[in-house]
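> This is protein-v6.txt, which holds compact mmCIF, C-alpha atoms:
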```
# COMPACT_ATOMS: atom_id res chain seq x y z
CA MET M 291 -3.92 21.38 -10.56
CA LYS M 292 -7.02 22.89 -12.16
CA GLY M 293 -9.11 21.03 -14.67
CA PRO M 294 -10.58 17.63 -13.89
CA VAL M 295 -9.18 14.16 -14.60
CA ARG M 296 -11.97 12.56 -16.60
CA GLN M 297 -13.03 8.93 -16.51
CA SER M 298 -13.68 7.44 -19.91
CA PRO M 299 -16.37 4.92 -20.74
CA PRO M 300 -17.03 1.98 -20.51
CA GLU M 301 -16.04 1.92 -16.84
CA ALA M 302 -18.33 4.85 -16.15
CA VAL M 303 -21.33 2.82 -15.06
CA LEU M 304 -22.66 0.84 -12.15
CA HIS M 305 -20.50 -1.01 -9.68
CA GLU M 306 -21.12 -4.57 -10.95
CA PHE M 307 -20.43 -3.41 -14.51
CA GLY M 308 -16.94 -2.36 -13.46
CA ILE M 309 -16.42 -5.72 -11.72
CA ALA M 310 -17.72 -7.64 -14.77
CA ASN M 311 -15.33 -5.63 -16.92
CA GLU M 312 -12.42 -6.63 -14.67
CA ILE M 313 -13.50 -10.29 -14.80
CA TYR M 314 -13.53 -10.13 -18.59
CA ARG M 315 -10.11 -8.48 -18.57
CA VAL M 316 -8.71 -11.36 -16.47
CA CYS M 317 -10.34 -13.83 -18.92
CA ARG M 318 -8.80 -12.15 -21.96
CA GLU M 319 -5.38 -12.10 -20.34
CA SER M 320 -5.64 -15.79 -19.43
CA MET M 321 -6.80 -16.64 -22.97
CA ARG M 322 -3.75 -15.11 -24.63
CA ALA M 323 -1.63 -18.24 -24.11
CA HIS M 324 -4.33 -20.32 -25.84
CA ALA M 325 -5.11 -18.00 -28.78
CA PRO M 326 -6.98 -18.21 -31.00
CA ALA M 327 -9.84 -19.32 -28.79
CA GLN M 328 -13.36 -18.36 -27.84
CA LEU M 329 -14.59 -18.01 -24.27
CA LEU M 330 -17.48 -20.38 -23.50
CA ARG M 331 -17.73 -20.07 -19.73
CA VAL M 332 -16.06 -18.39 -16.80
CA LYS M 333 -16.41 -19.55 -13.22
CA VAL M 334 -16.07 -16.90 -10.53
CA ALA M 335 -16.15 -17.12 -6.76
CA VAL M 336 -18.24 -14.35 -5.19
CA GLY M 337 -18.11 -14.00 -1.44
CA GLU M 338 -21.05 -13.02 0.69
CA LEU M 339 -19.01 -10.10 2.06
CA SER M 340 -17.66 -8.88 -1.30
CA ALA M 341 -20.39 -6.25 -1.76
CA VAL M 342 -21.28 -7.73 -5.16
CA GLU M 343 -24.85 -8.63 -6.06
CA PRO M 344 -24.86 -11.88 -8.14
CA ASP M 345 -27.93 -10.97 -10.23
CA LEU M 346 -26.52 -7.56 -11.11
CA LEU M 347 -23.17 -9.14 -11.92
CA SER M 348 -24.83 -11.58 -14.35
CA PHE M 349 -26.75 -8.73 -15.94
CA ALA M 350 -23.57 -6.67 -16.34
CA TRP M 351 -21.67 -9.69 -17.70
CA GLU M 352 -24.21 -10.15 -20.50
CA ALA M 353 -23.76 -6.53 -21.46
CA ILE M 354 -19.95 -6.83 -21.38
CA VAL M 355 -19.66 -9.88 -23.64
CA GLY M 356 -22.56 -8.48 -25.69
CA GLU M 357 -22.19 -9.10 -29.39
CA GLY M 358 -18.38 -9.25 -29.18
CA PRO M 359 -16.09 -12.19 -30.04
CA ASP M 360 -17.12 -14.05 -26.88
CA THR M 361 -20.85 -13.48 -27.25
CA GLY M 362 -22.94 -15.92 -25.23
CA ALA M 363 -20.11 -16.81 -22.84
CA ALA M 364 -21.65 -18.03 -19.59
CA LEU M 365 -20.87 -16.58 -16.17
CA GLU M 366 -20.99 -19.26 -13.49
CA ILE M 367 -21.13 -17.82 -9.98
CA ASP M 368 -19.85 -19.89 -7.10
CA TRP M 369 -21.42 -18.18 -4.05
CA ARG M 370 -19.17 -18.32 -0.98
CA PRO M 371 -20.68 -17.66 2.42
CA GLY M 372 -18.47 -16.20 5.14
CA ARG M 373 -17.70 -18.39 8.16
CA GLN M 374 -17.56 -16.76 11.56
CA TYR M 375 -15.62 -18.45 14.32
CA CYS M 376 -15.56 -17.54 18.00
CA PRO M 377 -12.11 -18.29 19.44
CA THR M 378 -13.48 -18.07 22.99
CA CYS M 379 -16.40 -20.48 22.49
CA ARG M 380 -14.24 -22.47 20.04
CA ALA M 381 -17.22 -22.79 17.73
CA ASP M 382 -18.56 -21.54 14.42
CA LYS M 383 -21.26 -18.94 14.90
CA ARG M 384 -23.68 -18.72 12.05
CA GLN M 385 -25.26 -15.28 11.75
CA GLY M 386 -28.30 -14.27 9.78
CA GLU M 387 -28.10 -14.13 6.00
CA GLY M 388 -25.89 -11.28 4.86
CA SER M 389 -25.02 -10.36 8.43
CA TRP M 390 -21.72 -8.73 9.18
CA LEU M 391 -21.86 -9.02 12.93
CA ARG M 392 -18.31 -9.44 14.18
CA VAL M 393 -18.93 -10.10 17.86
CA CYS M 394 -20.14 -13.34 19.42
CA LEU M 395 -23.76 -13.10 20.58
CA ASP M 396 -23.03 -15.69 23.29
CA CYS M 397 -19.86 -14.29 24.88
CA GLY M 398 -19.22 -10.90 23.27
CA ALA M 399 -15.74 -11.78 21.95
CA PRO M 400 -14.69 -10.57 18.49
CA LEU M 401 -15.43 -13.21 15.85
CA GLU M 402 -12.86 -14.32 13.34
CA THR M 403 -14.20 -14.20 9.81
CA VAL M 404 -13.03 -16.93 7.47
CA GLY M 405 -13.80 -16.56 3.76
CA GLY M 406 -16.69 -14.64 2.25
CA ALA M 407 -14.53 -11.87 0.80
CA GLU M 408 -13.75 -13.79 -2.42
CA LEU M 409 -14.04 -12.09 -5.77
CA ASP M 410 -11.93 -14.42 -7.86
CA VAL M 411 -11.83 -15.81 -11.37
CA ILE M 412 -11.50 -19.56 -10.79
CA GLU M 413 -11.38 -21.06 -14.28
CA ILE M 414 -12.36 -20.46 -17.88
CA GLU M 415 -13.62 -22.86 -20.50
CA LEU M 416 -12.43 -22.22 -24.04
CA ALA M 417 -13.13 -23.53 -27.50
CA PRO M 418 -10.37 -23.36 -30.11
CA ALA M 419 -11.37 -20.68 -32.63
CA GLY M 420 -13.11 -21.96 -35.74
CA GLU M 421 -14.82 -24.83 -33.93
CA GLU M 422 -18.55 -24.91 -33.39
CA LYS M 423 -19.51 -23.87 -29.88
CA ALA M 424 -20.08 -26.86 -27.59
CA GLY M 425 -23.80 -27.61 -27.36
CA MET F 180 -13.38 -29.82 -28.21
CA SER F 181 -13.56 -27.28 -25.43
CA PHE F 182 -11.01 -27.24 -22.66
CA THR F 183 -10.78 -25.69 -19.22
CA VAL F 184 -7.98 -23.40 -18.04
CA ASP F 185 -7.25 -22.88 -14.37
CA VAL F 186 -7.03 -19.13 -13.61
CA ARG F 187 -7.41 -18.50 -9.85
CA ARG F 188 -6.85 -14.77 -9.87
CA ARG F 189 -8.57 -11.95 -8.03
CA ALA F 190 -11.13 -10.33 -10.33
CA LEU F 191 -9.74 -6.97 -9.24
CA ALA F 192 -6.13 -8.09 -9.74
CA ALA F 193 -5.39 -5.10 -11.99
CA ASN F 194 -6.75 -2.63 -9.43
CA ASP F 195 -4.98 -4.44 -6.58
CA ALA F 196 -1.64 -4.32 -8.43
CA GLU F 197 -2.02 -0.59 -9.05
CA ALA F 198 -3.04 -0.05 -5.41
CA ALA F 199 0.03 -1.98 -4.22
CA GLN F 200 2.21 0.26 -6.38
CA LEU F 201 0.55 3.37 -4.94
CA ARG F 202 1.03 2.02 -1.41
CA ARG F 203 4.77 1.57 -2.04
CA ARG F 204 4.99 5.11 -3.39
CA PHE F 205 3.11 6.55 -0.39
CA ALA F 206 5.42 4.57 1.94
CA ASP F 207 8.51 5.97 0.19
CA GLU F 208 7.12 9.50 0.32
CA ARG F 209 5.90 8.99 3.91
CA THR F 210 2.47 10.28 3.01
CA LEU F 211 -0.44 9.20 5.19
CA VAL F 212 -3.37 8.44 2.89
CA THR F 213 -6.98 8.26 4.00
CA ASN F 214 -9.92 7.16 1.85
CA LEU F 215 -13.06 9.03 2.94
CA ILE F 216 -16.31 7.23 2.19
CA SER F 217 -19.89 8.27 2.97
CA SER F 218 -23.28 9.08 1.46
CA PRO F 219 -23.57 12.29 -0.53
CA GLY F 220 -24.11 15.27 1.75
CA SER F 221 -22.75 13.80 4.96
CA GLY F 222 -20.04 16.43 5.16
CA LYS F 223 -16.82 15.03 3.68
CA THR F 224 -15.78 18.24 1.96
CA THR F 225 -16.84 20.38 4.93
CA LEU F 226 -14.84 18.17 7.30
CA LEU F 227 -11.80 18.61 5.04
CA GLU F 228 -12.26 22.39 5.05
CA ALA F 229 -12.36 22.36 8.86
CA THR F 230 -9.37 20.00 8.90
CA ALA F 231 -7.38 22.33 6.64
CA ARG F 232 -7.96 25.23 9.03
CA ARG F 233 -6.83 23.16 12.02
CA LEU F 234 -3.79 21.61 10.34
CA ALA F 235 -2.50 24.86 8.85
CA GLY F 236 1.16 25.22 9.76
CA ARG F 237 1.32 21.76 11.39
CA ALA F 238 1.25 19.45 8.38
CA SER F 239 1.01 19.71 4.62
CA ALA F 240 -2.06 18.22 3.00
CA ALA F 241 -3.69 17.72 -0.40
CA VAL F 242 -6.91 16.20 -1.69
CA ILE F 243 -7.95 13.96 -4.55
CA GLU F 244 -11.62 14.59 -5.04
CA GLY F 245 -14.01 12.13 -6.72
CA ASP F 246 -17.40 13.14 -8.08
CA VAL F 247 -19.69 12.13 -10.89
CA ALA F 248 -19.75 15.69 -12.22
CA THR F 249 -18.51 19.24 -11.55
CA GLU F 250 -15.30 20.60 -10.07
CA LEU F 251 -17.16 22.37 -7.25
CA ASP F 252 -15.58 20.40 -4.39
CA ALA F 253 -12.01 20.82 -5.64
CA GLU F 254 -12.66 24.56 -5.95
CA ARG F 255 -13.98 24.72 -2.38
CA LEU F 256 -10.91 22.90 -1.07
CA ARG F 257 -8.50 25.10 -3.02
CA ALA F 258 -10.26 28.10 -1.51
CA ALA F 259 -9.60 26.49 1.90
CA GLY F 260 -5.90 26.32 1.03
CA LEU F 261 -5.65 22.66 0.05
CA PRO F 262 -4.16 21.67 -3.31
CA ALA F 263 -6.91 19.56 -4.91
CA VAL F 264 -7.34 17.54 -8.07
CA GLN F 265 -10.85 16.68 -9.20
CA ILE F 266 -11.56 13.28 -10.75
CA LEU F 267 -14.80 13.15 -12.72
CA THR F 268 -16.07 9.60 -12.93
CA GLY F 269 -18.72 10.37 -15.53
CA GLY F 270 -21.33 8.22 -13.80
CA ALA F 271 -19.19 5.63 -12.04
CA CYS F 272 -20.05 5.21 -8.38
CA HIS F 273 -16.52 4.86 -6.99
CA LEU F 274 -12.86 5.73 -7.51
CA ASP F 275 -10.34 3.06 -8.53
CA ALA F 276 -6.58 2.87 -8.10
CA ARG F 277 -5.83 3.73 -11.74
CA GLN F 278 -7.63 7.05 -11.38
CA ILE F 279 -5.58 7.87 -8.28
CA GLY F 280 -2.37 7.07 -10.17
CA LYS F 281 -3.50 9.32 -12.99
CA ALA F 282 -4.39 12.18 -10.65
CA LEU F 283 -0.92 11.98 -9.05
CA THR F 284 0.74 12.53 -12.41
CA ARG F 285 -0.60 16.10 -12.43
CA ALA F 286 2.56 18.14 -12.77
CA ALA F 287 1.93 20.38 -9.80
CA PHE F 288 0.78 17.64 -7.44
CA PRO F 289 2.77 18.24 -4.26
CA ARG F 290 4.42 15.73 -1.96
CA VAL F 291 2.50 16.07 1.32
CA ASP F 292 2.26 14.67 4.85
CA LEU F 293 -1.44 13.93 4.48
CA LEU F 294 -3.32 12.96 1.35
CA PHE F 295 -7.10 12.80 1.59
CA ILE F 296 -8.99 10.88 -1.06
CA GLU F 297 -12.60 12.02 -1.00
CA ASN F 298 -14.44 9.17 -2.68
CA VAL F 299 -17.67 9.47 -4.67
CA GLY F 300 -20.63 9.87 -2.30
CA ASN F 301 -21.81 6.28 -1.92
CA LEU F 302 -21.78 3.82 0.98
CA ILE F 303 -21.54 0.67 -1.14
CA CYS F 304 -19.32 0.62 -4.22
CA PRO F 305 -16.21 2.44 -2.97
CA THR F 306 -15.65 -0.18 -0.27
CA THR F 307 -14.52 -2.80 -2.81
CA TYR F 308 -11.70 -0.78 -4.38
CA ASP F 309 -8.32 -0.54 -2.69
CA LEU F 310 -6.76 2.85 -3.46
CA GLY F 311 -3.44 2.22 -1.71
CA GLU F 312 -4.68 4.08 1.37
CA ASP F 313 -3.47 3.59 4.94
CA PHE F 314 -7.03 3.35 6.15
CA LYS F 315 -10.62 4.00 5.22
CA VAL F 316 -12.73 6.55 7.06
CA ALA F 317 -16.52 6.24 7.08
CA LEU F 318 -18.58 9.37 7.73
CA LEU F 319 -22.12 9.26 9.05
CA SER F 320 -24.08 12.48 9.62
CA VAL F 321 -26.71 12.58 12.35
CA THR F 322 -29.38 13.52 9.80
CA GLU F 323 -28.96 10.15 8.06
CA GLY F 324 -30.30 8.16 10.99
CA SER F 325 -28.66 5.80 13.43
CA ASP F 326 -29.62 2.57 11.65
CA LYS F 327 -27.08 2.98 8.84
CA PRO F 328 -24.15 0.85 10.08
CA PHE F 329 -26.25 -2.32 10.05
CA LYS F 330 -27.93 -1.35 6.77
CA TYR F 331 -24.61 -0.69 4.99
CA PRO F 332 -22.30 -2.96 6.96
CA ALA F 333 -19.45 -3.38 4.48
CA ILE F 334 -18.04 0.10 4.84
CA PHE F 335 -18.43 0.26 8.62
CA ALA F 336 -16.76 -3.16 8.95
CA ARG F 337 -13.79 -2.03 6.83
CA ALA F 338 -13.33 1.55 8.00
CA GLU F 339 -10.73 1.91 10.71
CA VAL F 340 -12.32 5.20 11.76
CA THR F 341 -15.99 6.17 11.76
CA VAL F 342 -16.66 9.90 12.06
CA VAL F 343 -20.14 10.95 13.14
CA THR F 344 -20.65 14.41 11.63
CA LYS F 345 -23.01 17.36 12.21
CA ILE F 346 -23.40 16.62 15.94
CA ASP F 347 -24.44 20.25 16.43
CA LEU F 348 -27.77 19.15 14.93
CA LEU F 349 -28.37 16.47 17.59
CA PRO F 350 -30.97 18.55 19.49
CA HIS F 351 -33.06 18.75 16.30
CA VAL F 352 -32.99 15.18 15.02
CA ARG F 353 -33.68 11.71 16.36
CA PHE F 354 -30.27 10.09 16.35
CA ASP F 355 -29.03 7.53 18.86
CA LEU F 356 -25.25 7.88 19.22
CA ALA F 357 -25.00 4.89 21.56
CA ALA F 358 -26.82 2.69 19.05
CA VAL F 359 -24.39 3.74 16.32
CA GLU F 360 -21.45 2.95 18.56
CA THR F 361 -22.84 -0.50 19.39
CA GLN F 362 -23.44 -1.27 15.72
CA VAL F 363 -20.07 -0.04 14.51
CA LEU F 364 -18.16 -1.90 17.22
CA SER F 365 -20.07 -5.11 16.59
CA LEU F 366 -19.10 -4.87 12.90
CA ASN F 367 -15.54 -3.84 13.63
CA PRO F 368 -14.44 -4.28 17.27
CA SER F 369 -11.22 -2.30 16.73
CA ALA F 370 -12.86 0.73 15.07
CA THR F 371 -12.29 4.24 16.39
CA LEU F 372 -15.40 6.43 16.67
CA LEU F 373 -15.25 10.20 16.60
CA GLU F 374 -18.03 12.76 16.99
CA THR F 375 -17.57 16.01 15.12
CA SER F 376 -19.22 19.19 14.05
CA SER F 377 -17.47 21.07 11.28
CA ALA F 378 -19.83 23.98 11.97
CA THR F 379 -18.86 24.48 15.64
CA GLY F 380 -15.43 22.85 15.48
CA GLU F 381 -16.33 20.29 18.14
CA GLY F 382 -14.31 17.09 17.80
CA ILE F 383 -12.14 18.44 14.97
CA ASP F 384 -9.12 18.55 17.28
CA ALA F 385 -9.45 14.86 18.14
CA TRP F 386 -9.75 14.00 14.43
CA CYS F 387 -6.68 16.07 13.55
CA GLU F 388 -4.67 14.62 16.45
CA LEU F 389 -5.50 11.12 15.21
CA LEU F 390 -4.28 12.05 11.73
CA LEU F 391 -1.10 13.70 13.00
CA ALA F 392 -0.30 10.74 15.27
CA ARG F 393 -0.76 8.30 12.39
CA ALA F 394 1.29 10.49 10.07
CA ALA F 395 4.10 10.69 12.65
CA ARG F 396 4.05 6.91 13.00
CA LYS F 397 4.40 6.55 9.24
CA ARG F 398 7.36 8.93 9.14
CA ALA F 399 9.15 7.16 12.00
```
Please express the file's structure as structure tokens.

Amino acid sequence: MKGPVRQSPPEAVLHEFGIANEIYRVCRESMRAHAPAQLLRVKVAVGELSAVEPDLLSFAWEAIVGEGPDTGAALEIDWRPGRQYCPTCRADKRQGEGSWLRVCLDCGAPLETVGGAELDVIEIELAPAGEEKAG
Amino acid sequence: MSFTVDVRRRALAANDAEAAQLRRRFADERTLVTNLISSPGSGKTTLLEATARRLAGRASAAVIEGDVATELDAERLRAAGLPAVQILTGGACHLDARQIGKALTRAAFPRVDLLFIENVGNLICPTTYDLGEDFKVALLSVTEGSDKPFKYPAIFARAEVTVVTKIDLLPHVRFDLAAVETQVLSLNPSATLLETSSATGEGIDAWCELLLARAARKRA
């Protein structure tokens, strides 16, 4: 049991870097069926409750694609707010920005949360390899 | 000409698949797995030491320990009688399912009733990664202040159990237990709140009974 299990780079960095790495991994896997191709753009859905900061994710993404084969690939973030519904009041209850309150302020009943937890790769845009990048 | 390919996959699909595999394994082995998440210094390792003393002879337990550096915590837990594997993340702020899978391949890793995963000290990043656990446990020490659930809502919303630690220090700090309870329950109405002191042993019985009851339910 003694002796540590060591984590190897490049995952050994900040949270959003790990997420960006996973997004790129999903892109590469999805690109295999269309090889050879270059990644121009990836569209991701990021939920308000996903604990991911969009600016940091963009920053990490730039570092991930870096000077590699998909350099310059754009990360398009589709921000998804969470919807909170009170089954007792039968109404949507909008809370403050970034709020996680899960009880209704009007009647005290637990709120149902719909959406906002997304962290999904929606689509990728590719250029067949050898072609000039779309302007 | 560029073209668009529909993907529609979870960004963490690889982690989720590994976590699902771990969850099946833990179900087969009837091991109750908890993922302990808190700030550094809130008493995760100390709670596990106290837990080991209380569970001795009643249930078998082991720990997977996550830290940026050093094997200090794993050594402490081994000294307390718990088999422990240390994962060094080398700077990463959380554990992921692949690391747990890797730690379990350690030859001597025993099959146990209770497996504790002590995550890297951090209230934010570890909440996103499923480790195949039965439930997450958030720890909050009274020295951290009672405003933390609303300031770091993700973990308190997702943790099935919130353990307030170091309550023996309550006479010396400004900490509003009722306010914490209100915040935690408004983030997660079905959460269980426990108050503990690993130093005096207060509340450790209730914590261990909760674990044993959940472990028994998993074995049934």
> If we count all atoms listed in the file, what is near Phe314 of chain F at a cut-off of 7 Å, once residues fewer than 6 positions away on the same chain are taken out, given as a PyMOL selection string?
chain F and resi 213-214+338-339
> Would you pick out the contacts of Asp360 of chain M at 6 Å or less, using all atoms listed in the file, so that residues sharing its chain but fewer than 5 positions from it are not included, and give the list as number ranges by chain?
M: 328-329, 355
> Taking all atoms listed in the file into account, what are the residues of chain M at most 6 Å from chain F, put as an MDAnalysis selection string?
chainID M and resid 291 294:297 302:305 312:313 390:393 409:417
> Can you work out which one of F:Ala258, F:Leu226, F:Glu323, F:Val340 has the shortest atom-to-atom distance to Arg393 of chain F, counting all atoms listed in the file?
F:Val340
> Could you work out how far atom CA of Ala350 of chain M lies from atom CA of Phe307 of chain M, giving the answer in Å with one decimal?
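Here the two named atoms are 4.9 Å from each other.
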> List the neighbours of Cys387 of chain F out to 12 Å using all atoms listed in the file; skip same-chain residues closer than 2 positions along the sequence, and give me the result as a PyMOL selection string.
chain F and resi 226-235+237-238+240+293+342+373+375+380-385+389-394
> Atom CA of Leu401 of chain M and atom CA of Lys383 of chain M, how far apart in Å?
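Distance reported for this atom pair: 8.2 Å.
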> Give me, as a list in words, all polymer residues having an atom no more than 9 Å from Glu306 of chain M, counting only C-alpha atoms and skipping those fewer than 3 positions away in the same chain.
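The residues satisfying every condition are Val303, Ile309, Ala310, Asn311, Val342, Glu343, Pro344, Leu346, Leu347, Ser348, Phe349, Ala350 and Trp351 of chain M; Cys304 of chain F.
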